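Engineer: Here you go, final_13.pdb (PDB, C-alpha atoms):
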```
ATOM      1  CA  MET A1260      69.766 132.476  36.102
ATOM      2  CA  SER A1261      67.068 130.136  37.345
ATOM      3  CA  ASP A1262      65.435 130.384  40.766
ATOM      4  CA  ALA A1263      67.520 128.725  43.503
ATOM      5  CA  ALA A1264      64.725 128.329  46.041
ATOM      6  CA  HIS A1265      65.412 124.593  46.296
ATOM      7  CA  ARG A1266      68.834 125.130  47.846
ATOM      8  CA  GLY A1267      67.663 124.536  51.398
ATOM      9  CA  SER A1268      70.623 124.215  53.714
ATOM     10  CA  ALA A1269      73.105 123.989  50.849
ATOM     11  CA  VAL A1270      74.498 127.443  51.464
ATOM     12  CA  GLY A1271      77.858 128.648  50.285
ATOM     13  CA  ILE A1272      79.515 131.612  48.667
ATOM     14  CA  TRP A1273      76.975 131.198  45.841
ATOM     15  CA  ALA A1274      74.253 132.278  48.274
ATOM     16  CA  GLN A1275      75.915 135.632  48.888
ATOM     17  CA  PRO A1276      74.331 138.772  47.411
ATOM     18  CA  GLY A1277      75.754 139.691  44.030
ATOM     19  CA  TRP A1278      77.409 136.316  43.394
ATOM     20  CA  GLU A1279      75.116 135.373  40.512
ATOM     21  CA  GLY A1280      75.760 138.675  38.770
ATOM     22  CA  GLN A1281      79.531 138.241  39.070
ATOM     23  CA  VAL A1282      79.298 134.733  37.632
ATOM     24  CA  GLN A1283      77.128 135.784  34.708
ATOM     25  CA  GLN A1284      79.532 138.593  33.841
ATOM     26  CA  TRP A1285      82.516 136.241  34.012
ATOM     27  CA  ILE A1286      80.825 133.553  31.912
ATOM     28  CA  GLN A1287      79.757 136.061  29.268
ATOM     29  CA  ALA A1288      83.241 137.584  29.152
ATOM     30  CA  GLU A1289      84.930 134.185  28.771
ATOM     31  CA  LEU A1290      82.457 133.044  26.112
ATOM     32  CA  GLY A1291      83.062 136.308  24.273
ATOM     33  CA  ARG A1292      86.797 135.655  24.369
ATOM     34  CA  LEU A1293      86.147 132.210  22.902
ATOM     35  CA  GLY A1294      83.788 133.570  20.249
ATOM     36  CA  ILE A1295      80.805 131.601  21.595
ATOM     37  CA  ARG A1296      77.319 133.096  21.936
ATOM     38  CA  MET A1297      74.866 132.122  24.656
ATOM     39  CA  ARG A1298      71.506 130.727  23.635
ATOM     40  CA  GLY A1299      69.068 130.882  26.509
ATOM     41  CA  GLU A1300      69.030 131.126  30.274
ATOM     42  CA  ILE A1301      71.692 129.732  32.573
ATOM     43  CA  LYS A1302      70.305 126.837  34.618
ATOM     44  CA  GLU A1303      71.399 125.655  38.044
ATOM     45  CA  LEU A1304      71.957 121.879  37.948
ATOM     46  CA  HIS A1305      73.619 121.095  41.242
ATOM     47  CA  VAL A1306      74.146 122.948  44.485
ATOM     48  CA  ARG A1307      75.846 121.699  47.627
ATOM     49  CA  PRO A1308      77.714 123.436  50.444
ATOM     50  CA  TRP A1309      80.989 122.503  48.702
ATOM     51  CA  SER A1310      80.161 123.305  45.045
ATOM     52  CA  THR A1311      77.584 124.366  42.523
ATOM     53  CA  VAL A1312      77.227 123.551  38.817
ATOM     54  CA  LEU A1313      75.451 125.622  36.171
ATOM     55  CA  GLN A1314      74.465 124.656  32.637
ATOM     56  CA  VAL A1315      75.125 127.363  30.058
ATOM     57  CA  PRO A1316      73.250 126.916  26.751
ATOM     58  CA  THR A1317      75.236 128.171  23.754
ATOM     59  CA  VAL A1318      75.151 127.983  19.965
ATOM     60  CA  VAL A1319      77.726 125.149  20.145
ATOM     61  CA  GLY A1320      75.816 123.173  22.771
ATOM     62  CA  SER A1321      75.817 123.122  26.548
ATOM     63  CA  ILE A1322      78.814 124.377  28.478
ATOM     64  CA  TYR A1323      79.161 123.813  32.223
ATOM     65  CA  PHE A1324      80.294 126.180  34.948
ATOM     66  CA  LYS A1325      81.445 124.933  38.335
ATOM     67  CA  ALA A1326      82.321 126.875  41.487
ATOM     68  CA  ASN A1327      83.968 125.321  44.553
ATOM     69  CA  MET A1328      84.213 126.285  48.198
ATOM     70  CA  PRO A1329      87.619 127.843  49.064
ATOM     71  CA  VAL A1330      89.142 124.633  50.445
ATOM     72  CA  LEU A1331      88.464 122.956  47.068
ATOM     73  CA  ALA A1332      89.296 125.970  44.895
ATOM     74  CA  HIS A1333      92.322 124.127  43.494
ATOM     75  CA  GLU A1334      90.130 121.974  41.209
ATOM     76  CA  PRO A1335      90.720 124.119  38.089
ATOM     77  CA  ALA A1336      94.498 123.944  38.498
ATOM     78  CA  LEU A1337      94.429 120.229  39.251
ATOM     79  CA  THR A1338      92.142 119.455  36.294
ATOM     80  CA  ARG A1339      94.429 121.387  33.948
ATOM     81  CA  THR A1340      97.449 119.561  35.388
ATOM     82  CA  VAL A1341      95.958 116.115  34.758
ATOM     83  CA  ALA A1342      94.852 117.217  31.284
ATOM     84  CA  ARG A1343      98.482 117.961  30.338
ATOM     85  CA  TRP A1344      99.135 114.215  30.239
ATOM     86  CA  ARG A1345      95.674 112.692  29.816
ATOM     87  CA  PRO A1346      93.400 115.046  27.853
ATOM     88  CA  ASP A1347      91.565 111.978  26.573
ATOM     89  CA  CYS A1348      89.791 111.294  29.869
ATOM     90  CA  VAL A1349      89.408 114.621  31.687
ATOM     91  CA  PRO A1350      87.042 117.492  30.817
ATOM     92  CA  GLN A1351      88.096 120.094  28.297
ATOM     93  CA  VAL A1352      88.632 123.250  30.355
ATOM     94  CA  LEU A1353      87.558 126.283  28.337
ATOM     95  CA  ALA A1354      88.290 128.872  31.037
ATOM     96  CA  SER A1355      89.137 129.001  34.719
ATOM     97  CA  ASP A1356      89.690 131.393  37.577
ATOM     98  CA  ALA A1357      92.083 129.690  39.978
ATOM     99  CA  GLY A1358      91.672 132.314  42.676
ATOM    100  CA  ARG A1359      87.921 131.816  42.890
ATOM    101  CA  GLY A1360      87.844 128.114  42.049
ATOM    102  CA  TRP A1361      85.757 128.629  38.903
ATOM    103  CA  LEU A1362      85.715 126.299  35.922
ATOM    104  CA  LEU A1363      84.073 126.537  32.508
ATOM    105  CA  MET A1364      84.043 123.142  30.791
ATOM    106  CA  ALA A1365      82.885 121.692  27.492
ATOM    107  CA  ASP A1366      80.132 119.094  27.519
ATOM    108  CA  GLY A1367      81.742 115.730  28.292
ATOM    109  CA  GLY A1368      78.739 113.499  27.664
ATOM    110  CA  THR A1369      76.090 111.641  29.644
ATOM    111  CA  PRO A1370      76.658 110.740  33.305
ATOM    112  CA  LEU A1371      77.537 107.054  33.613
ATOM    113  CA  ARG A1372      74.966 106.864  36.409
ATOM    114  CA  ASN A1373      72.142 107.452  33.941
ATOM    115  CA  VAL A1374      73.415 104.715  31.647
ATOM    116  CA  VAL A1375      74.200 102.102  34.296
ATOM    117  CA  ARG A1376      70.950 102.528  36.175
ATOM    118  CA  ALA A1377      69.007 102.208  32.950
ATOM    119  CA  ASP A1378      70.650  99.083  31.505
ATOM    120  CA  ARG A1379      72.092  97.627  34.760
ATOM    121  CA  ASP A1380      75.150  96.553  32.785
ATOM    122  CA  LEU A1381      78.496  96.379  34.583
ATOM    123  CA  GLY A1382      80.273  96.315  31.221
ATOM    124  CA  HIS A1383      80.974 100.027  31.371
ATOM    125  CA  TRP A1384      82.842  99.614  34.652
ATOM    126  CA  ARG A1385      84.916  96.811  33.119
ATOM    127  CA  GLU A1386      86.203  99.429  30.674
ATOM    128  CA  VAL A1387      86.346 102.390  33.063
ATOM    129  CA  LEU A1388      88.422 100.776  35.811
ATOM    130  CA  PRO A1389      91.440  99.728  33.655
ATOM    131  CA  LEU A1390      91.368 103.132  31.948
ATOM    132  CA  TYR A1391      91.396 104.888  35.301
ATOM    133  CA  ALA A1392      94.153 102.597  36.622
ATOM    134  CA  GLY A1393      96.229 103.446  33.548
ATOM    135  CA  LEU A1394      95.789 107.146  34.259
ATOM    136  CA  GLN A1395      96.896 106.561  37.857
ATOM    137  CA  MET A1396     100.018 104.687  36.784
ATOM    138  CA  GLU A1397     100.943 107.427  34.332
ATOM    139  CA  MET A1398     100.420 110.169  36.913
ATOM    140  CA  ALA A1399     102.737 108.460  39.427
ATOM    141  CA  ALA A1400     105.627 110.179  37.675
ATOM    142  CA  HIS A1401     104.064 113.600  38.236
ATOM    143  CA  THR A1402     103.255 113.689  41.950
ATOM    144  CA  ALA A1403     105.241 116.884  42.515
ATOM    145  CA  GLU A1404     103.124 118.691  39.927
ATOM    146  CA  LEU A1405      99.915 117.274  41.401
ATOM    147  CA  LEU A1406     100.814 118.441  44.897
ATOM    148  CA  ALA A1407     101.784 121.864  43.563
ATOM    149  CA  ALA A1408      98.375 122.065  41.864
ATOM    150  CA  GLY A1409      96.615 121.482  45.182
ATOM    151  CA  ALA A1410      96.048 117.727  45.468
ATOM    152  CA  PHE A1411      95.841 116.667  49.109
ATOM    153  CA  ASP A1412      98.987 114.997  50.409
ATOM    154  CA  ARG A1413      97.851 111.639  51.775
ATOM    155  CA  ARG A1414     100.998 109.643  51.242
ATOM    156  CA  LEU A1415     101.293 106.694  53.593
ATOM    157  CA  ALA A1416     104.140 108.157  55.602
ATOM    158  CA  ARG A1417     101.925 111.113  56.597
ATOM    159  CA  LEU A1418      98.696 109.287  57.416
ATOM    160  CA  PRO A1419      99.433 108.164  61.020
ATOM    161  CA  GLY A1420     100.230 111.753  62.011
ATOM    162  CA  LEU A1421      97.135 113.060  60.230
ATOM    163  CA  LEU A1422      94.944 110.523  62.020
ATOM    164  CA  GLU A1423      96.467 111.443  65.378
ATOM    165  CA  GLN A1424      95.693 115.123  64.699
ATOM    166  CA  LEU A1425      92.110 114.288  63.706
ATOM    167  CA  LEU A1426      91.548 112.256  66.868
ATOM    168  CA  ALA A1427      92.620 115.287  68.909
ATOM    169  CA  ASP A1428      89.877 117.422  67.321
ATOM    170  CA  ARG A1429      86.876 116.709  69.548
ATOM    171  CA  GLY A1430      84.680 119.071  67.542
ATOM    172  CA  ALA A1431      85.297 117.285  64.253
ATOM    173  CA  LEU A1432      84.632 113.934  65.941
ATOM    174  CA  ARG A1433      81.379 115.277  67.435
ATOM    175  CA  LEU A1434      82.516 113.424  70.527
ATOM    176  CA  GLY A1435      79.655 112.295  72.757
ATOM    177  CA  MET A1436      76.993 113.703  70.405
ATOM    178  CA  GLN A1437      74.193 111.561  69.042
ATOM    179  CA  ASP A1438      75.699 111.397  65.548
ATOM    180  CA  GLY A1439      79.337 111.501  66.676
ATOM    181  CA  LEU A1440      81.882 109.146  68.158
ATOM    182  CA  SER A1441      81.217 107.719  71.577
ATOM    183  CA  PRO A1442      83.970 108.014  74.211
ATOM    184  CA  GLN A1443      84.525 104.269  73.882
ATOM    185  CA  GLU A1444      84.966 104.476  70.091
ATOM    186  CA  HIS A1445      87.373 107.365  70.590
ATOM    187  CA  ARG A1446      89.473 105.321  73.007
ATOM    188  CA  GLN A1447      89.476 102.374  70.603
ATOM    189  CA  LEU A1448      90.736 104.555  67.778
ATOM    190  CA  GLN A1449      93.487 106.035  69.924
ATOM    191  CA  GLU A1450      94.564 102.550  71.004
ATOM    192  CA  LEU A1451      94.661 101.506  67.330
ATOM    193  CA  LEU A1452      97.098 104.249  66.297
ATOM    194  CA  PRO A1453     100.159 101.921  66.432
ATOM    195  CA  ALA A1454      98.287  99.246  64.455
ATOM    196  CA  PHE A1455      97.238 101.845  61.880
ATOM    197  CA  ALA A1456     100.842 102.997  61.483
ATOM    198  CA  ALA A1457     101.879  99.351  61.020
ATOM    199  CA  ASP A1458      99.201  98.875  58.350
ATOM    200  CA  CYS A1459     100.515 101.941  56.511
ATOM    201  CA  SER A1460     104.061 100.562  56.596
ATOM    202  CA  THR A1461     102.926  97.135  55.403
ATOM    203  CA  LEU A1462     100.912  98.669  52.581
ATOM    204  CA  ALA A1463     103.908 100.762  51.509
ATOM    205  CA  ALA A1464     106.079  97.642  51.440
ATOM    206  CA  PHE A1465     104.075  96.211  48.533
ATOM    207  CA  GLY A1466     105.810  98.792  46.333
ATOM    208  CA  ILE A1467     102.699 100.044  44.560
ATOM    209  CA  PRO A1468     103.396 103.681  43.634
ATOM    210  CA  GLU A1469     101.490 106.452  45.322
ATOM    211  CA  THR A1470      99.788 108.605  42.733
ATOM    212  CA  LEU A1471      96.657 110.545  41.849
ATOM    213  CA  GLN A1472      93.676 109.148  43.715
ATOM    214  CA  HIS A1473      90.189 110.456  42.926
ATOM    215  CA  ASP A1474      88.548 110.242  46.333
ATOM    216  CA  ASP A1475      84.981 110.368  45.038
ATOM    217  CA  PHE A1476      85.125 108.119  41.971
ATOM    218  CA  HIS A1477      81.525 107.074  41.401
ATOM    219  CA  ASP A1478      79.126 106.854  38.461
ATOM    220  CA  GLY A1479      78.059 110.466  38.903
ATOM    221  CA  ASN A1480      81.615 111.658  38.235
ATOM    222  CA  VAL A1481      82.173 109.689  35.034
ATOM    223  CA  LEU A1482      80.773 110.822  31.677
ATOM    224  CA  VAL A1483      80.164 108.678  28.601
ATOM    225  CA  ALA A1484      80.351 110.080  25.080
ATOM    226  CA  GLN A1485      80.851 108.192  21.797
ATOM    227  CA  GLY A1486      82.802 105.363  23.361
ATOM    228  CA  ARG A1487      84.916 107.677  25.532
ATOM    229  CA  TYR A1488      84.900 108.031  29.301
ATOM    230  CA  ILE A1489      85.610 111.365  30.963
ATOM    231  CA  PHE A1490      86.550 111.581  34.654
ATOM    232  CA  PHE A1491      85.708 114.839  36.400
ATOM    233  CA  ASP A1492      85.229 116.439  39.835
ATOM    234  CA  TRP A1493      88.889 116.182  40.862
ATOM    235  CA  ALA A1494      88.475 118.578  43.807
ATOM    236  CA  GLU A1495      88.820 115.937  46.555
ATOM    237  CA  SER A1496      91.718 114.130  44.918
ATOM    238  CA  ALA A1497      94.971 113.323  46.661
ATOM    239  CA  VAL A1498      98.418 111.934  46.089
ATOM    240  CA  ALA A1499      97.881 108.681  47.912
ATOM    241  CA  HIS A1500      97.771 104.924  47.559
ATOM    242  CA  PRO A1501      95.810 104.310  44.335
ATOM    243  CA  PHE A1502      93.635 101.517  45.725
ATOM    244  CA  TYR A1503      91.765 103.893  48.073
ATOM    245  CA  THR A1504      89.606 104.704  45.067
ATOM    246  CA  LEU A1505      87.668 101.465  45.402
ATOM    247  CA  VAL A1506      86.465 102.395  48.905
ATOM    248  CA  VAL A1507      83.944 104.736  47.291
ATOM    249  CA  THR A1508      83.649 103.162  43.836
ATOM    250  CA  LEU A1509      82.513  99.698  44.870
ATOM    251  CA  ARG A1510      80.047 101.089  47.402
ATOM    252  CA  SER A1511      78.630 103.422  44.781
ATOM    253  CA  ILE A1512      78.154 100.599  42.280
ATOM    254  CA  ALA A1513      76.443  98.481  44.923
ATOM    255  CA  TYR A1514      74.135 101.363  45.835
ATOM    256  CA  SER A1515      73.266 102.201  42.223
ATOM    257  CA  LEU A1516      72.388  98.619  41.338
ATOM    258  CA  GLY A1517      71.058  97.333  44.645
ATOM    259  CA  MET A1518      73.938  94.883  45.092
ATOM    260  CA  LYS A1519      75.343  93.453  48.324
ATOM    261  CA  GLU A1520      78.942  93.749  49.443
ATOM    262  CA  GLU A1521      79.565  90.040  48.865
ATOM    263  CA  ASP A1522      78.091  90.094  45.348
ATOM    264  CA  ALA A1523      80.283  88.267  42.817
ATOM    265  CA  GLY A1524      79.916  91.151  40.369
ATOM    266  CA  LEU A1525      81.648  93.548  42.777
ATOM    267  CA  LYS A1526      84.476  91.094  43.376
ATOM    268  CA  GLU A1527      84.888  90.758  39.613
ATOM    269  CA  LEU A1528      85.188  94.540  39.227
ATOM    270  CA  ARG A1529      87.720  94.658  42.059
ATOM    271  CA  ASP A1530      89.803  92.088  40.182
ATOM    272  CA  VAL A1531      89.390  93.935  36.866
ATOM    273  CA  TYR A1532      90.921  97.005  38.503
ATOM    274  CA  LEU A1533      93.683  95.054  40.262
ATOM    275  CA  GLU A1534      94.586  93.212  37.040
ATOM    276  CA  ALA A1535      95.857  96.487  35.619
ATOM    277  CA  TRP A1536      98.458  96.620  38.418
ATOM    278  CA  THR A1537     100.020  93.174  37.923
ATOM    279  CA  ARG A1538     103.342  94.733  36.925
ATOM    280  CA  TYR A1539     103.685  95.566  40.643
ATOM    281  CA  GLY A1540     102.869  92.168  42.100
ATOM    282  CA  SER A1541     101.072  88.881  41.767
ATOM    283  CA  ARG A1542      97.282  88.719  41.899
ATOM    284  CA  ALA A1543      97.492  87.321  45.434
ATOM    285  CA  GLU A1544      99.775  90.176  46.521
ATOM    286  CA  LEU A1545      97.520  92.787  44.956
ATOM    287  CA  ARG A1546      94.464  91.355  46.692
ATOM    288  CA  ALA A1547      96.338  91.435  50.001
ATOM    289  CA  ALA A1548      97.276  95.058  49.335
ATOM    290  CA  PHE A1549      93.665  95.837  48.495
ATOM    291  CA  VAL A1550      92.465  94.477  51.849
ATOM    292  CA  LEU A1551      94.815  96.848  53.648
ATOM    293  CA  ALA A1552      94.041  99.776  51.332
ATOM    294  CA  ASP A1553      90.324  99.280  51.853
ATOM    295  CA  ARG A1554      90.893  99.634  55.605
ATOM    296  CA  VAL A1555      93.377 102.516  55.489
ATOM    297  CA  GLY A1556      91.344 104.234  52.788
ATOM    298  CA  ARG A1557      88.472 104.733  55.222
ATOM    299  CA  ILE A1558      90.731 106.936  57.297
ATOM    300  CA  ASN A1559      91.676 108.815  54.144
ATOM    301  CA  ARG A1560      87.983 109.369  53.450
ATOM    302  CA  ALA A1561      87.449 110.686  57.000
ATOM    303  CA  LEU A1562      90.328 113.121  56.472
ATOM    304  CA  THR A1563      88.802 114.359  53.218
ATOM    305  CA  TRP A1564      85.437 114.936  54.833
ATOM    306  CA  ASP A1565      87.153 116.722  57.707
ATOM    307  CA  ARG A1566      88.712 119.210  55.279
ATOM    308  CA  VAL A1567      85.419 119.778  53.494
ATOM    309  CA  VAL A1568      83.230 120.050  56.601
ATOM    310  CA  ALA A1569      85.672 122.478  58.235
ATOM    311  CA  GLY A1570      85.212 124.808  55.274
ATOM    312  CA  MET A1571      81.410 124.868  55.510
ATOM    313  CA  GLU A1572      79.168 127.405  57.157
ATOM    314  CA  GLU A1573      77.761 126.372  60.524
ATOM    315  CA  ALA A1574      74.336 125.206  59.276
ATOM    316  CA  ALA A1575      75.920 122.918  56.694
ATOM    317  CA  ARG A1576      78.434 121.582  59.228
ATOM    318  CA  GLU A1577      75.525 120.449  61.373
ATOM    319  CA  GLU A1578      74.041 118.568  58.416
ATOM    320  CA  TYR A1579      77.203 116.963  57.019
ATOM    321  CA  GLY A1580      79.505 116.811  60.054
ATOM    322  CA  GLU A1581      78.489 113.245  60.860
ATOM    323  CA  ALA A1582      80.482 112.037  57.831
ATOM    324  CA  VAL A1583      83.789 112.373  59.703
ATOM    325  CA  PRO A1584      82.887 110.164  62.694
ATOM    326  CA  GLY A1585      80.939 107.961  60.285
ATOM    327  CA  TRP A1586      84.052 107.046  58.283
ATOM    328  CA  LEU A1587      86.095 106.594  61.443
ATOM    329  CA  ARG A1588      83.441 104.181  62.610
ATOM    330  CA  GLU A1589      83.731 102.373  59.249
ATOM    331  CA  TYR A1590      87.443 101.978  59.912
ATOM    332  CA  LEU A1591      86.739 100.565  63.366
ATOM    333  CA  ALA A1592      84.318  98.077  61.847
ATOM    334  CA  SER A1593      86.957  96.933  59.340
ATOM    335  CA  VAL A1594      89.384  96.248  62.181
ATOM    336  CA  THR A1595      87.035  94.696  64.716
ATOM    337  CA  GLY A1596      84.716  92.959  62.265
ATOM    338  CA  ALA A1597      81.719  94.498  63.999
TER
END
```
Once you've parsed the file, please lay out its structure as structure tokens.

Structural biologist:
Amino acid sequence: MSDAAHRGSAVGIWAQPGWEGQVQQWIQAELGRLGIRMRGEIKELHVRPWSTVLQVPTVVGSIYFKANMPVLAHEPALTRTVARWRPDCVPQVLASDAGRGWLLMADGGTPLRNVVRADRDLGHWREVLPLYAGLQMEMAAHTAELLAAGAFDRRLARLPGLLEQLLADRGALRLGMQDGLSPQEHRQLQELLPAFAADCSTLAAFGIPETLQHDDFHDGNVLVAQGRYIFFDWAESAVAHPFYTLVVTLRSIAYSLGMKEEDAGLKELRDVYLEAWTRYGSRAELRAAFVLADRVGRINRALTWDRVVAGMEEAAREEYGEAVPGWLREYLASVTGA
């Protein structure tokens, strides 16, 4: 396995003595079971406090290994669950260890990020977003299975209570710290709890089904291969309002292509996604639902980061802990217009 000296503060269970040897043994055993021979050295592609990805060269091409932190160890089970109904747009899982959160996946293609940043063409997203919306609509009938597989439960009825719990956790809020919430922001959020609950009720009243929601759906988590799109990295997914997805997706597209929030291209992509949902309401109703979901979805994102940061070692929590108050501040900005 290649040298991991570049890891820096991205520590995790993969930094523990003996971990690499255990992984190599497991990979070799699973490849042997599949009748696949390795062809070269395993290479570390990605390492973060929450996960690491390795590239495994074999005689049939590259295969990818992923390990997750314990709080996200459900990704193998969740990926297999989604694949039962939509194998066309999730990675082919060759082997998994649910207890350790390990995945061995076939090569799914080129990251969409590489393609989009090279040609600066939004055409791929015009195809990806309806495909993803279709997957969400299909998975709405399988929420019990998704929750059993480990998807976070972020249904609208639960969100006000989850936000109230988060606001009581002064450590997670980094209250009074330079990169945390100020006492004034904390008071504002507490005062907004009834309004947040009302927003959740109003959003539910639109009748759009709660379903699988990939909470980190950006161009780095979509693969392109021979006209197909593969969606991966389901670890942070939830059963939730489907429109939360765009909170991250539209920001990611803007960042990748240097666009501004008011750019007409982003509004077009929003409408391309919403068009797939017209069986549940008029275009005007769906846009109104999106406005609410964009606001409520920022709280959902704060809750996701809270789960992830809580599972990190102390050094990593110091580096990434600001994400929780950061998303709460984003919610405040959406309410106050600041």

Engineer: Per residue of stretch 1356-1391 of chain A within 10 Å of stretch 1312-1315 of chain A, record the nearest atom pair and its distance in Å to one decimal, counting all atoms listed in the file, with rows in chain order and ascending residue number, as JSON lines.

Structural biologist:
```
{"residue": "A:Trp1361", "atom": "CA", "partner": "A:Val1312", "partner_atom": "CA", "distance": 9.9}
{"residue": "A:Leu1362", "atom": "CA", "partner": "A:Val1312", "partner_atom": "CA", "distance": 9.4}
{"residue": "A:Leu1363", "atom": "CA", "partner": "A:Val1315", "partner_atom": "CA", "distance": 9.3}
{"residue": "A:Met1364", "atom": "CA", "partner": "A:Gln1314", "partner_atom": "CA", "distance": 9.9}
{"residue": "A:Ala1365", "atom": "CA", "partner": "A:Val1315", "partner_atom": "CA", "distance": 9.9}
{"residue": "A:Asp1366", "atom": "CA", "partner": "A:Gln1314", "partner_atom": "CA", "distance": 9.4}
```

Engineer: Any chance you could export the current selection's C-alpha atoms as a compact mmCIF listing (two decimals), in the coordinates of the input?

Structural biologist:
```txt
# COMPACT_ATOMS: atom_id res chain seq x y z
CA TRP A 1361 85.76 128.63 38.90
CA LEU A 1362 85.72 126.30 35.92
CA LEU A 1363 84.07 126.54 32.51
CA MET A 1364 84.04 123.14 30.79
CA ALA A 1365 82.88 121.69 27.49
CA ASP A 1366 80.13 119.09 27.52
```

Engineer: One number please: atom CA of A:Glu1520 to atom CA of A:Val1507, in Å, one decimal.

Structural biologist: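 According to the coordinates, atom CA of A:Glu1520 and atom CA of A:Val1507 are separated by 12.3 Å.
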
Engineer: Env of A:Ala1494: 8 Å cut, atoms = all atoms listed in the file, seq-sep filter 6 positions within chain, self excluded. Answer as a ChimeraX atom specification.

Structural biologist: /A:1331-1334,1337,1410

Engineer: Considering all atoms listed in the file, return as number ranges by chain whatever protein or nucleic-acid residues lie within 10 Å of A:Leu1505, sequence-local ones (same chain, fewer than 5 positions apart) excluded.

Structural biologist: A: 1388, 1472-1477, 1510-1511, 1528-1529, 1532, 1549, 1552-1553, 1556

Engineer: Just the selected residues (C-alpha atoms), exported as a PDB file, keeping the file's coordinate frame, please.

Structural biologist:
```pdb
ATOM      1  CA  LEU A1388      88.422 100.776  35.811  1.00  0.00           C
ATOM      2  CA  GLN A1472      93.676 109.148  43.715  1.00  0.00           C
ATOM      3  CA  HIS A1473      90.189 110.456  42.926  1.00  0.00           C
ATOM      4  CA  ASP A1474      88.548 110.242  46.333  1.00  0.00           C
ATOM      5  CA  ASP A1475      84.981 110.368  45.038  1.00  0.00           C
ATOM      6  CA  PHE A1476      85.125 108.119  41.971  1.00  0.00           C
ATOM      7  CA  HIS A1477      81.525 107.074  41.401  1.00  0.00           C
ATOM      8  CA  ARG A1510      80.047 101.089  47.402  1.00  0.00           C
ATOM      9  CA  SER A1511      78.630 103.422  44.781  1.00  0.00           C
ATOM     10  CA  LEU A1528      85.188  94.540  39.227  1.00  0.00           C
ATOM     11  CA  ARG A1529      87.720  94.658  42.059  1.00  0.00           C
ATOM     12  CA  TYR A1532      90.921  97.005  38.503  1.00  0.00           C
ATOM     13  CA  PHE A1549      93.665  95.837  48.495  1.00  0.00           C
ATOM     14  CA  ALA A1552      94.041  99.776  51.332  1.00  0.00           C
ATOM     15  CA  ASP A1553      90.324  99.280  51.853  1.00  0.00           C
ATOM     16  CA  GLY A1556      91.344 104.234  52.788  1.00  0.00           C
TER      17      GLY A1556
END
```

Engineer: Between atom CA of A:Thr1470 and atom CA of A:Pro1389, what distance in Å does the model show, to one decimal?

Structural biologist: 15.2 Å

Engineer: Check the smallest atom-to-atom distance from each of A:Glu1573, A:Glu1397, A:Asp1478, A:Glu1300 to A:Leu1516 using all atoms listed in the file, then report the winner.

Structural biologist: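 Checking each candidate against A:Leu1516, we get A:Asp1478 as the closest.
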
Engineer: For the file shown, what are the residues hit by the PyMOL selection byres ((chain A and resi 1271-1285) around 8), laid out as an MDAnalysis selection string?

Structural biologist: chainID A and resid 1260 1269:1270 1286:1289 1307:1311 1328 1571:1572

Engineer: Find the residue from A:Leu1525, A:Val1306, A:Ile1558, A:Val1568 that sits nearest to A:Ala1513; use only C-alpha atoms when measuring.

Structural biologist: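 Checking each candidate against A:Ala1513, we get A:Leu1525 as the closest.
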
Engineer: Can you spell out as a list in words the set of residues that the PyMOL selection byres ((chain A and resi 1483-1486) around 6) selects in the structure I just provided?

Structural biologist: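 What the PyMOL selection byres ((chain A and resi 1483-1486) around 6) grabs from the file is Gly1368, Thr1369, Leu1371, Leu1482, Arg1487 and Tyr1488 of chain A.
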
Engineer: Distance atom CA of A:Glu1577-atom CA of A:Ile1512, one decimal place?

Structural biologist: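 Separation between atom CA of A:Glu1577 and atom CA of A:Ile1512: 27.7 Å.
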
Engineer: How would you write, as a list in words, the residues chosen by the PyMOL selection byres ((chain A and resi 1531) around 12) on this structure?

Structural biologist: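 For this structure, the PyMOL selection byres ((chain A and resi 1531) around 12) resolves to Leu1381, Gly1382, His1383, Trp1384, Arg1385, Glu1386, Val1387, Leu1388, Pro1389, Leu1390, Tyr1391, Ala1392, Leu1505, Gly1524, Leu1525, Lys1526, Glu1527, Leu1528, Arg1529, Asp1530, Tyr1532, Leu1533, Glu1534, Ala1535, Trp1536, Thr1537, Arg1542, Leu1545 and Arg1546 of chain A.
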
Engineer: Rank A:Leu1452, A:Ala1399, A:Ala1408, A:Ile1467 by their smallest atom-to-atom distance to A:Ser1541, using all atoms listed in the file, and report the top residue only.

Structural biologist: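 The answer is A:Ile1467, which sits nearest to A:Ser1541.
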
Engineer: Near A:Ala1427, counting all atoms listed in the file, which residues have an atom at most 12 Å away, once you skip same-chain residues fewer than 6 positions from it, shown as a PyMOL selection string?

Structural biologist: chain A and resi 1420-1421+1433-1434+1445-1446+1448-1449

Engineer: Compile the contact shell of A:Arg1359 as a list of chain:residue names: residues with an atom at most 8 Å away, counting all atoms listed in the file, same-chain residues fewer than 2 positions apart removed.

Structural biologist: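 Once the adjacent positions are removed, what remains is A:Ala1326, A:Asn1327, A:Pro1329, A:Ala1332, A:Asp1356, A:Ala1357, A:Trp1361.
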